[in-house]
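Below is protein30.pdb, holding PDB, C-alpha atoms, pLDDT in the B column.
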```pdb
ATOM      1  CA  MET A   1      75.988 129.604 111.203  1.00 37.00           C
ATOM      2  CA  GLU A   2      78.401 126.681 111.093  1.00 44.00           C
ATOM      3  CA  GLN A   3      77.134 123.611 112.932  1.00 48.00           C
ATOM      4  CA  GLN A   4      79.316 122.558 115.838  1.00 55.00           C
ATOM      5  CA  PRO A   5      80.481 118.949 116.062  1.00 60.00           C
ATOM      6  CA  ASN A   6      78.607 116.571 118.341  1.00 79.00           C
ATOM      7  CA  ASN A   7      81.287 115.924 120.950  1.00 86.00           C
ATOM      8  CA  ASP A   8      79.460 112.960 122.492  1.00 90.00           C
ATOM      9  CA  LEU A   9      79.214 111.257 119.105  1.00 93.00           C
ATOM     10  CA  ILE A  10      82.874 111.983 118.345  1.00 95.00           C
ATOM     11  CA  GLU A  11      83.918 110.482 121.683  1.00 96.00           C
ATOM     12  CA  ARG A  12      81.875 107.335 120.950  1.00 96.00           C
ATOM     13  CA  ILE A  13      83.583 107.033 117.584  1.00 97.00           C
ATOM     14  CA  ALA A  14      87.029 107.475 119.135  1.00 98.00           C
ATOM     15  CA  LYS A  15      86.326 104.696 121.643  1.00 97.00           C
ATOM     16  CA  HIS A  16      85.089 102.513 118.778  1.00 98.00           C
ATOM     17  CA  LEU A  17      88.411 103.067 116.987  1.00 98.00           C
ATOM     18  CA  VAL A  18      90.380 102.068 120.070  1.00 97.00           C
ATOM     19  CA  LEU A  19      88.384  98.851 120.354  1.00 97.00           C
ATOM     20  CA  PHE A  20      88.598  97.714 116.728  1.00 97.00           C
ATOM     21  CA  SER A  21      91.505  99.376 114.871  1.00 97.00           C
ATOM     22  CA  SER A  22      94.088  96.743 115.732  1.00 94.00           C
ATOM     23  CA  PHE A  23      92.025  94.074 113.974  1.00 94.00           C
ATOM     24  CA  ILE A  24      92.039  95.588 110.491  1.00 94.00           C
ATOM     25  CA  SER A  25      94.622  94.353 108.000  1.00 92.00           C
ATOM     26  CA  ASN A  26      94.929  97.491 105.855  1.00 94.00           C
ATOM     27  CA  THR A  27      97.879  99.594 107.047  1.00 95.00           C
ATOM     28  CA  GLY A  28      97.429 102.428 104.530  1.00 96.00           C
ATOM     29  CA  LEU A  29      96.519 106.096 104.890  1.00 98.00           C
ATOM     30  CA  TYR A  30      93.045 106.349 103.344  1.00 98.00           C
ATOM     31  CA  HIS A  31      91.391 103.154 104.597  1.00 98.00           C
ATOM     32  CA  GLY A  32      93.700 101.658 107.204  1.00 97.00           C
ATOM     33  CA  LYS A  33      95.697 102.008 110.393  1.00 98.00           C
ATOM     34  CA  THR A  34      97.877 104.912 109.282  1.00 98.00           C
ATOM     35  CA  GLY A  35      94.911 107.230 108.820  1.00 98.00           C
ATOM     36  CA  ILE A  36      93.520 106.165 112.177  1.00 98.00           C
ATOM     37  CA  VAL A  37      96.864 107.010 113.785  1.00 98.00           C
ATOM     38  CA  LEU A  38      96.717 110.547 112.370  1.00 97.00           C
ATOM     39  CA  CYS A  39      93.154 110.938 113.577  1.00 97.00           C
ATOM     40  CA  LEU A  40      93.815 109.751 117.121  1.00 98.00           C
ATOM     41  CA  PHE A  41      96.972 111.815 117.583  1.00 97.00           C
ATOM     42  CA  HIS A  42      94.996 114.899 116.583  1.00 96.00           C
ATOM     43  CA  TYR A  43      92.063 113.914 118.764  1.00 96.00           C
ATOM     44  CA  ALA A  44      94.366 113.383 121.751  1.00 97.00           C
ATOM     45  CA  ARG A  45      95.820 116.849 121.288  1.00 95.00           C
ATOM     46  CA  PHE A  46      92.354 118.328 120.783  1.00 94.00           C
ATOM     47  CA  THR A  47      90.886 116.785 123.948  1.00 94.00           C
ATOM     48  CA  GLY A  48      94.001 116.493 126.119  1.00 96.00           C
ATOM     49  CA  LYS A  49      93.216 112.793 126.679  1.00 96.00           C
ATOM     50  CA  LYS A  50      96.498 110.884 126.742  1.00 96.00           C
ATOM     51  CA  LEU A  51      94.683 107.561 126.312  1.00 96.00           C
ATOM     52  CA  TYR A  52      94.271 108.300 122.608  1.00 98.00           C
ATOM     53  CA  GLU A  53      97.862 109.429 122.185  1.00 97.00           C
ATOM     54  CA  ASP A  54      99.107 106.224 123.807  1.00 97.00           C
ATOM     55  CA  PHE A  55      96.899 104.059 121.617  1.00 97.00           C
ATOM     56  CA  ALA A  56      97.927 105.927 118.464  1.00 97.00           C
ATOM     57  CA  GLY A  57     101.559 105.286 119.387  1.00 96.00           C
ATOM     58  CA  GLU A  58     100.862 101.576 119.858  1.00 95.00           C
ATOM     59  CA  LEU A  59      99.077 101.424 116.504  1.00 96.00           C
ATOM     60  CA  LEU A  60     101.983 103.193 114.813  1.00 95.00           C
ATOM     61  CA  ASN A  61     104.343 100.584 116.224  1.00 92.00           C
ATOM     62  CA  GLU A  62     102.092  97.863 114.804  1.00 92.00           C
ATOM     63  CA  ILE A  63     102.407  99.508 111.397  1.00 93.00           C
ATOM     64  CA  ARG A  64     106.182  99.705 111.727  1.00 89.00           C
ATOM     65  CA  GLU A  65     106.442  96.028 112.606  1.00 87.00           C
ATOM     66  CA  ASP A  66     103.838  94.601 110.221  1.00 83.00           C
ATOM     67  CA  MET A  67     104.281  96.444 106.910  1.00 84.00           C
ATOM     68  CA  PRO A  68     104.023  93.841 104.129  1.00 80.00           C
ATOM     69  CA  LYS A  69     107.234  93.341 102.148  1.00 82.00           C
ATOM     70  CA  ASN A  70     105.353  93.484  98.855  1.00 85.00           C
ATOM     71  CA  MET A  71     103.384  96.613  99.737  1.00 91.00           C
ATOM     72  CA  SER A  72     102.365  98.918  96.889  1.00 93.00           C
ATOM     73  CA  VAL A  73     104.049 102.283  96.503  1.00 95.00           C
ATOM     74  CA  ASP A  74     100.937 104.455  96.092  1.00 96.00           C
ATOM     75  CA  PHE A  75      99.633 107.205  98.382  1.00 98.00           C
ATOM     76  CA  GLU A  76      96.199 105.754  99.105  1.00 98.00           C
ATOM     77  CA  ASN A  77      97.112 102.265 100.329  1.00 96.00           C
ATOM     78  CA  GLY A  78     100.882 102.050 100.091  1.00 96.00           C
ATOM     79  CA  LEU A  79     104.310 103.226 101.111  1.00 96.00           C
ATOM     80  CA  CYS A  80     104.062 106.868 100.039  1.00 97.00           C
ATOM     81  CA  GLY A  81     100.967 107.476 102.165  1.00 98.00           C
ATOM     82  CA  ILE A  82     102.564 105.830 105.195  1.00 97.00           C
ATOM     83  CA  GLY A  83     105.842 107.682 104.700  1.00 96.00           C
ATOM     84  CA  TRP A  84     104.047 111.005 104.238  1.00 97.00           C
ATOM     85  CA  SER A  85     102.068 110.392 107.432  1.00 97.00           C
ATOM     86  CA  ILE A  86     105.118 109.592 109.553  1.00 95.00           C
ATOM     87  CA  GLU A  87     106.916 112.660 108.206  1.00 94.00           C
ATOM     88  CA  TYR A  88     103.797 114.690 109.036  1.00 96.00           C
ATOM     89  CA  LEU A  89     103.703 113.326 112.590  1.00 95.00           C
ATOM     90  CA  ILE A  90     107.383 114.172 113.140  1.00 93.00           C
ATOM     91  CA  GLN A  91     107.062 117.684 111.716  1.00 92.00           C
ATOM     92  CA  ASN A  92     104.024 118.406 113.910  1.00 93.00           C
ATOM     93  CA  ASN A  93     105.664 117.039 117.063  1.00 93.00           C
ATOM     94  CA  PHE A  94     103.325 114.091 117.544  1.00 95.00           C
ATOM     95  CA  VAL A  95     106.218 111.604 117.556  1.00 92.00           C
ATOM     96  CA  LYS A  96     109.987 111.796 117.984  1.00 82.00           C
ATOM     97  CA  ASP A  97     112.382 111.708 115.071  1.00 69.00           C
ATOM     98  CA  ASP A  98     113.488 108.137 115.868  1.00 76.00           C
ATOM     99  CA  PHE A  99     110.835 107.183 113.305  1.00 80.00           C
ATOM    100  CA  ASN A 100     113.214 108.530 110.659  1.00 81.00           C
ATOM    101  CA  VAL A 101     114.606 104.999 110.461  1.00 84.00           C
ATOM    102  CA  ILE A 102     111.363 103.616 109.066  1.00 88.00           C
ATOM    103  CA  ILE A 103     111.026 106.549 106.649  1.00 90.00           C
ATOM    104  CA  ALA A 104     114.524 105.850 105.321  1.00 89.00           C
ATOM    105  CA  SER A 105     113.477 102.232 104.789  1.00 91.00           C
ATOM    106  CA  ILE A 106     110.377 103.402 102.905  1.00 93.00           C
ATOM    107  CA  ASP A 107     112.527 105.687 100.730  1.00 94.00           C
ATOM    108  CA  ARG A 108     114.749 102.766  99.738  1.00 93.00           C
ATOM    109  CA  LYS A 109     111.717 100.647  98.821  1.00 93.00           C
ATOM    110  CA  ILE A 110     110.264 103.480  96.740  1.00 94.00           C
ATOM    111  CA  MET A 111     113.524 103.784  94.806  1.00 94.00           C
ATOM    112  CA  GLY A 112     113.079 100.135  93.838  1.00 92.00           C
ATOM    113  CA  TRP A 113     110.179 101.194  91.578  1.00 91.00           C
ATOM    114  CA  ASP A 114     110.984 102.595  88.147  1.00 92.00           C
ATOM    115  CA  ILE A 115     109.180 105.906  88.326  1.00 93.00           C
ATOM    116  CA  ARG A 116     109.520 106.369  84.564  1.00 92.00           C
ATOM    117  CA  ARG A 117     107.170 103.435  83.972  1.00 92.00           C
ATOM    118  CA  ILE A 118     104.281 104.569  86.186  1.00 92.00           C
ATOM    119  CA  SER A 119     101.455 105.349  83.766  1.00 92.00           C
ATOM    120  CA  ASP A 120      98.827 106.320  86.358  1.00 94.00           C
ATOM    121  CA  LYS A 121      99.143 110.064  87.036  1.00 92.00           C
ATOM    122  CA  SER A 122      96.484 110.314  89.774  1.00 95.00           C
ATOM    123  CA  PHE A 123      97.153 111.419  93.332  1.00 96.00           C
ATOM    124  CA  PRO A 124      95.764 108.428  95.287  1.00 97.00           C
ATOM    125  CA  ALA A 125      97.173 105.654  93.090  1.00 96.00           C
ATOM    126  CA  GLY A 126      99.808 107.131  90.822  1.00 95.00           C
ATOM    127  CA  LEU A 127     102.623 109.534  90.072  1.00 95.00           C
ATOM    128  CA  ASN A 128     101.156 112.697  91.622  1.00 95.00           C
ATOM    129  CA  GLY A 129     100.872 111.140  95.065  1.00 96.00           C
ATOM    130  CA  MET A 130     104.371 109.663  94.846  1.00 96.00           C
ATOM    131  CA  SER A 131     105.721 113.037  93.763  1.00 95.00           C
ATOM    132  CA  CYS A 132     104.003 114.773  96.664  1.00 96.00           C
ATOM    133  CA  TYR A 133     105.730 112.414  99.101  1.00 96.00           C
ATOM    134  CA  ILE A 134     109.122 112.788  97.417  1.00 95.00           C
ATOM    135  CA  ASN A 135     108.758 116.567  97.487  1.00 94.00           C
ATOM    136  CA  LYS A 136     107.809 116.506 101.178  1.00 94.00           C
ATOM    137  CA  ARG A 137     110.878 114.437 102.025  1.00 93.00           C
ATOM    138  CA  LEU A 138     113.218 116.679 100.033  1.00 92.00           C
ATOM    139  CA  HIS A 139     111.942 119.789 101.845  1.00 90.00           C
ATOM    140  CA  SER A 140     111.605 118.295 105.314  1.00 89.00           C
ATOM    141  CA  PRO A 141     112.852 120.648 108.064  1.00 86.00           C
ATOM    142  CA  CYS A 142     113.570 117.546 110.149  1.00 79.00           C
ATOM    143  CA  ARG A 143     116.114 116.156 107.689  1.00 71.00           C
ATOM    144  CA  GLN A 144     119.783 116.603 108.556  1.00 66.00           C
ATOM    145  CA  THR A 145     121.760 118.935 106.310  1.00 62.00           C
ATOM    146  CA  GLY A 146     123.359 117.016 103.473  1.00 64.00           C
ATOM    147  CA  ASP A 147     121.209 113.946 104.055  1.00 74.00           C
ATOM    148  CA  THR A 148     119.428 113.292 100.737  1.00 82.00           C
ATOM    149  CA  PRO A 149     116.664 110.664 101.010  1.00 89.00           C
ATOM    150  CA  PHE A 150     116.892 109.654  97.326  1.00 93.00           C
ATOM    151  CA  ASP A 151     119.953 109.127  95.153  1.00 93.00           C
ATOM    152  CA  LYS A 152     120.866 111.406  92.239  1.00 93.00           C
ATOM    153  CA  THR A 153     119.790 108.956  89.538  1.00 95.00           C
ATOM    154  CA  TYR A 154     116.338 108.515  91.052  1.00 95.00           C
ATOM    155  CA  LEU A 155     115.856 112.253  91.508  1.00 95.00           C
ATOM    156  CA  LYS A 156     116.893 112.885  87.909  1.00 95.00           C
ATOM    157  CA  ASP A 157     114.286 110.379  86.684  1.00 95.00           C
ATOM    158  CA  TRP A 158     111.661 111.834  89.017  1.00 95.00           C
ATOM    159  CA  LYS A 159     112.237 115.404  87.838  1.00 93.00           C
ATOM    160  CA  ALA A 160     112.038 114.230  84.219  1.00 93.00           C
ATOM    161  CA  VAL A 161     108.574 112.699  84.668  1.00 92.00           C
ATOM    162  CA  ALA A 162     107.129 114.964  87.379  1.00 89.00           C
ATOM    163  CA  GLY A 163     108.235 118.279  85.942  1.00 80.00           C
ATOM    164  CA  SER A 164     107.317 121.470  87.800  1.00 74.00           C
ATOM    165  CA  THR A 165     104.275 120.759  89.950  1.00 77.00           C
ATOM    166  CA  ASN A 166     102.474 122.605  92.730  1.00 85.00           C
ATOM    167  CA  TYR A 167     101.663 120.091  95.454  1.00 91.00           C
ATOM    168  CA  PRO A 168      98.792 120.390  97.952  1.00 94.00           C
ATOM    169  CA  ASP A 169      99.772 121.299 101.493  1.00 94.00           C
ATOM    170  CA  ASP A 170      99.163 118.991 104.442  1.00 95.00           C
ATOM    171  CA  ARG A 171      95.816 120.503 105.351  1.00 93.00           C
ATOM    172  CA  GLN A 172      94.486 120.231 101.805  1.00 94.00           C
ATOM    173  CA  ILE A 173      95.555 116.589 101.557  1.00 96.00           C
ATOM    174  CA  LEU A 174      93.707 115.709 104.757  1.00 96.00           C
ATOM    175  CA  CYS A 175      90.652 117.720 103.683  1.00 94.00           C
ATOM    176  CA  ASN A 176      90.580 115.881 100.349  1.00 95.00           C
ATOM    177  CA  ILE A 177      90.803 112.465 102.017  1.00 97.00           C
ATOM    178  CA  THR A 178      88.042 113.291 104.512  1.00 96.00           C
ATOM    179  CA  GLU A 179      85.791 115.029 101.998  1.00 93.00           C
ATOM    180  CA  THR A 180      83.285 112.158 102.287  1.00 93.00           C
ATOM    181  CA  ILE A 181      82.303 110.954 105.760  1.00 93.00           C
ATOM    182  CA  PRO A 182      79.537 108.648 107.056  1.00 94.00           C
ATOM    183  CA  GLU A 183      76.094 109.964 107.941  1.00 90.00           C
ATOM    184  CA  GLY A 184      73.851 109.055 110.854  1.00 88.00           C
ATOM    185  CA  ASP A 185      75.032 107.495 114.092  1.00 87.00           C
ATOM    186  CA  ASN A 186      75.157 103.738 113.344  1.00 94.00           C
ATOM    187  CA  ILE A 187      78.864 103.616 114.154  1.00 96.00           C
ATOM    188  CA  PRO A 188      79.324  99.805 113.990  1.00 96.00           C
ATOM    189  CA  SER A 189      78.270  99.864 110.328  1.00 96.00           C
ATOM    190  CA  TRP A 190      80.920 102.436 109.371  1.00 97.00           C
ATOM    191  CA  ASN A 191      84.349 101.821 107.914  1.00 97.00           C
ATOM    192  CA  LEU A 192      87.159 102.685 110.300  1.00 98.00           C
ATOM    193  CA  GLY A 193      89.518 104.718 108.095  1.00 98.00           C
ATOM    194  CA  LEU A 194      89.904 108.334 107.027  1.00 98.00           C
ATOM    195  CA  SER A 195      88.089 108.030 103.710  1.00 97.00           C
ATOM    196  CA  ASN A 196      84.341 107.788 104.405  1.00 97.00           C
ATOM    197  CA  GLY A 197      84.989 106.247 107.814  1.00 98.00           C
ATOM    198  CA  CYS A 198      85.163 106.795 111.561  1.00 98.00           C
ATOM    199  CA  ALA A 199      88.614 108.392 111.571  1.00 98.00           C
ATOM    200  CA  GLY A 200      87.587 110.747 108.787  1.00 97.00           C
ATOM    201  CA  PHE A 201      84.462 111.799 110.691  1.00 96.00           C
ATOM    202  CA  ILE A 202      86.532 112.788 113.721  1.00 96.00           C
ATOM    203  CA  LEU A 203      89.311 114.510 111.806  1.00 96.00           C
ATOM    204  CA  LYS A 204      86.966 116.470 109.547  1.00 94.00           C
ATOM    205  CA  ASN A 205      85.083 117.777 112.583  1.00 92.00           C
ATOM    206  CA  ILE A 206      88.222 119.092 114.279  1.00 89.00           C
ATOM    207  CA  LEU A 207      90.290 120.214 111.259  1.00 80.00           C
ATOM    208  CA  ASN A 208      89.163 123.843 111.414  1.00 67.00           C
ATOM    209  CA  ILE A 209      89.879 124.038 115.134  1.00 55.00           C
ATOM    210  CA  GLN A 210      93.161 122.202 115.410  1.00 54.00           C
ATOM    211  CA  LEU A 211      95.246 122.396 112.234  1.00 50.00           C
TER     212      LEU A 211
END
```
Turn the structure described in the file into structure tokens.
Amino acid sequence: MEQQPNNDLIERIAKHLVLFSSFISNTGLYHGKTGIVLCLFHYARFTGKKLYEDFAGELLNEIREDMPKNMSVDFENGLCGIGWSIEYLIQNNFVKDDFNVIIASIDRKIMGWDIRRISDKSFPAGLNGMSCYINKRLHSPCRQTGDTPFDKTYLKDWKAVAGSTNYPDDRQILCNITETIPEGDNIPSWNLGLSNGCAGFILKNILNIQL
């Protein structure tokens, strides 16, 4: 029989995230604020507690205002992971589509990287993660008809290096990121993010119920 999550522990972790998330410098998906935003939006919907939705919205605004200009492009710590997350939040009705402005800005920054010269093929740090984000943007149901997020030259280069690939769906991506979570209940000693951290502990415990 599958063990049910400890709701008291999860609530303690959520409160811990509210207290300390604004102080971390990493804005990325796996280890930073973006992953915490995803976690808290889901937790707010799961519990019906608007406090967590409001805080997730504030944290998302911090990300929008404080993204470093020289940020990497990768999925784990960089622009593709943030862009994928915002697109995910829009598609799942966590936020309004006015965040499309920041996604368009991310798309332009991504096109500044020569995708033909990326030697790392991995998902977290390399081409596969970038390709997953590009594919998600191209097939977004929220995108206006005729509005192409990447220019023809970039898409030609991307198709040449990416080829025909089957990309993981949203649920599988989140399951992969949260595959490892902390053990015990010494919450102050835990990382805060999705990967082996507080946000990952919460999200992994509610994935099967909510997604």
**Request:** Please evaluate the PyMOL selection byres ((chain A and resi 9) around 12) against the displayed coordinates and give the resulting residues as a ChimeraX atom specification.
**Result:** /A:4-8,10-16,183-187,198,201-202,205
**Item:** Which of A:Ile90, A:Leu59, A:Ile115, A:Met130 sits closest to A:Ala160 [using all atoms listed in the file]
**Value:** A:Ile115
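Nearest residue to A:Thr178 among A:Cys142, A:Thr27, A:Asp157, A:Gly35 is A:Gly35, counting all atoms listed in the file.
Considering the residues A:Gly129, A:Pro141, A:Gly112, A:Gly57 and counting only C-alpha atoms, A:Asn70 has its shortest atom-to-atom contact with A:Gly112.
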Give the centre and edge lengths of an axis-aligned box, in Å to one decimal, that holds all listed atoms of stretch 83-101 of chain A with 6 Å on each side, as JSON.
```
{"center_x": 108.3, "center_y": 111.7, "center_z": 111.1, "size_x": 24.5, "size_y": 25.4, "size_z": 25.7}
```
**Request:** Using all atoms listed in the file, pick whichever of A:Lys159, A:Tyr30, A:Ala104, A:Asn135 has the shortest atom-to-atom distance to A:Ile181.
**Result:** A:Tyr30
As an mmCIF file, in the frame of the given file, could you write out stretch 151-173 of chain A once it has been completed with N, CA, C and O atoms?
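Final output, selection.cif:
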```cif
data_model
loop_
_atom_site.group_PDB
_atom_site.id
_atom_site.type_symbol
_atom_site.label_atom_id
_atom_site.label_comp_id
_atom_site.auth_asym_id
_atom_site.auth_seq_id
_atom_site.Cartn_x
_atom_site.Cartn_y
_atom_site.Cartn_z
ATOM 1 N N ASP A 151 118.683 108.925 95.851
ATOM 2 C CA ASP A 151 119.953 109.127 95.153
ATOM 3 C C ASP A 151 119.776 109.996 93.903
ATOM 4 O O ASP A 151 118.654 110.260 93.450
ATOM 5 N N LYS A 152 120.889 110.443 93.351
ATOM 6 C CA LYS A 152 120.866 111.406 92.239
ATOM 7 C C LYS A 152 120.173 110.844 91.004
ATOM 8 O O LYS A 152 119.447 111.551 90.313
ATOM 9 N N THR A 153 120.397 109.554 90.725
ATOM 10 C CA THR A 153 119.790 108.956 89.538
ATOM 11 C C THR A 153 118.272 108.942 89.656
ATOM 12 O O THR A 153 117.555 109.280 88.714
ATOM 13 N N TYR A 154 117.785 108.562 90.849
ATOM 14 C CA TYR A 154 116.338 108.515 91.052
ATOM 15 C C TYR A 154 115.733 109.907 90.945
ATOM 16 O O TYR A 154 114.683 110.095 90.313
ATOM 17 N N LEU A 155 116.387 110.891 91.550
ATOM 18 C CA LEU A 155 115.856 112.253 91.508
ATOM 19 C C LEU A 155 115.865 112.813 90.091
ATOM 20 O O LEU A 155 114.946 113.545 89.698
ATOM 21 N N LYS A 156 116.857 112.448 89.299
ATOM 22 C CA LYS A 156 116.893 112.885 87.909
ATOM 23 C C LYS A 156 115.705 112.312 87.140
ATOM 24 O O LYS A 156 115.029 113.034 86.384
ATOM 25 N N ASP A 157 115.429 111.011 87.346
ATOM 26 C CA ASP A 157 114.286 110.379 86.684
ATOM 27 C C ASP A 157 112.977 110.990 87.158
ATOM 28 O O ASP A 157 112.049 111.218 86.364
ATOM 29 N N TRP A 158 112.892 111.249 88.467
ATOM 30 C CA TRP A 158 111.661 111.834 89.017
ATOM 31 C C TRP A 158 111.394 113.214 88.429
ATOM 32 O O TRP A 158 110.283 113.516 87.999
ATOM 33 N N LYS A 159 112.410 114.053 88.376
ATOM 34 C CA LYS A 159 112.237 115.404 87.838
ATOM 35 C C LYS A 159 111.852 115.360 86.360
ATOM 36 O O LYS A 159 111.083 116.204 85.888
ATOM 37 N N ALA A 160 112.347 114.348 85.640
ATOM 38 C CA ALA A 160 112.038 114.230 84.219
ATOM 39 C C ALA A 160 110.565 113.905 83.992
ATOM 40 O O ALA A 160 109.948 114.404 83.034
ATOM 41 N N VAL A 161 109.977 113.096 84.871
ATOM 42 C CA VAL A 161 108.574 112.699 84.668
ATOM 43 C C VAL A 161 107.601 113.589 85.439
ATOM 44 O O VAL A 161 106.454 113.772 85.020
ATOM 45 N N ALA A 162 108.033 114.152 86.557
ATOM 46 C CA ALA A 162 107.129 114.964 87.379
ATOM 47 C C ALA A 162 107.073 116.409 86.904
ATOM 48 O O ALA A 162 106.040 117.075 87.025
ATOM 49 N N GLY A 163 108.196 116.902 86.399
ATOM 50 C CA GLY A 163 108.235 118.279 85.942
ATOM 51 C C GLY A 163 108.067 119.258 87.093
ATOM 52 O O GLY A 163 108.353 118.953 88.252
ATOM 53 N N SER A 164 107.559 120.444 86.789
ATOM 54 C CA SER A 164 107.317 121.470 87.800
ATOM 55 C C SER A 164 105.853 121.401 88.226
ATOM 56 O O SER A 164 104.954 121.715 87.452
ATOM 57 N N THR A 165 105.638 120.988 89.464
ATOM 58 C CA THR A 165 104.275 120.759 89.950
ATOM 59 C C THR A 165 104.045 121.476 91.266
ATOM 60 O O THR A 165 104.931 121.511 92.116
ATOM 61 N N ASN A 166 102.868 122.040 91.441
ATOM 62 C CA ASN A 166 102.474 122.605 92.730
ATOM 63 C C ASN A 166 101.726 121.542 93.516
ATOM 64 O O ASN A 166 100.682 121.054 93.075
ATOM 65 N N TYR A 167 102.251 121.171 94.680
ATOM 66 C CA TYR A 167 101.663 120.091 95.454
ATOM 67 C C TYR A 167 100.748 120.655 96.544
ATOM 68 O O TYR A 167 101.015 121.720 97.095
ATOM 69 N N PRO A 168 99.675 119.933 96.872
ATOM 70 C CA PRO A 168 98.792 120.390 97.952
ATOM 71 C C PRO A 168 99.516 120.374 99.289
ATOM 72 O O PRO A 168 100.392 119.532 99.520
ATOM 73 N N ASP A 169 99.157 121.305 100.169
ATOM 74 C CA ASP A 169 99.772 121.299 101.493
ATOM 75 C C ASP A 169 99.099 120.233 102.363
ATOM 76 O O ASP A 169 98.143 119.574 101.952
ATOM 77 N N ASP A 170 99.636 120.064 103.558
ATOM 78 C CA ASP A 170 99.163 118.991 104.442
ATOM 79 C C ASP A 170 97.667 119.107 104.723
ATOM 80 O O ASP A 170 96.932 118.113 104.683
ATOM 81 N N ARG A 171 97.231 120.306 105.020
ATOM 82 C CA ARG A 171 95.816 120.503 105.351
ATOM 83 C C ARG A 171 94.917 120.127 104.180
ATOM 84 O O ARG A 171 93.883 119.476 104.364
ATOM 85 N N GLN A 172 95.307 120.525 102.976
ATOM 86 C CA GLN A 172 94.486 120.231 101.805
ATOM 87 C C GLN A 172 94.429 118.732 101.540
ATOM 88 O O GLN A 172 93.383 118.194 101.157
ATOM 89 N N ILE A 173 95.543 118.042 101.739
ATOM 90 C CA ILE A 173 95.555 116.589 101.557
ATOM 91 C C ILE A 173 94.570 115.927 102.512
ATOM 92 O O ILE A 173 93.757 115.080 102.113
#
```
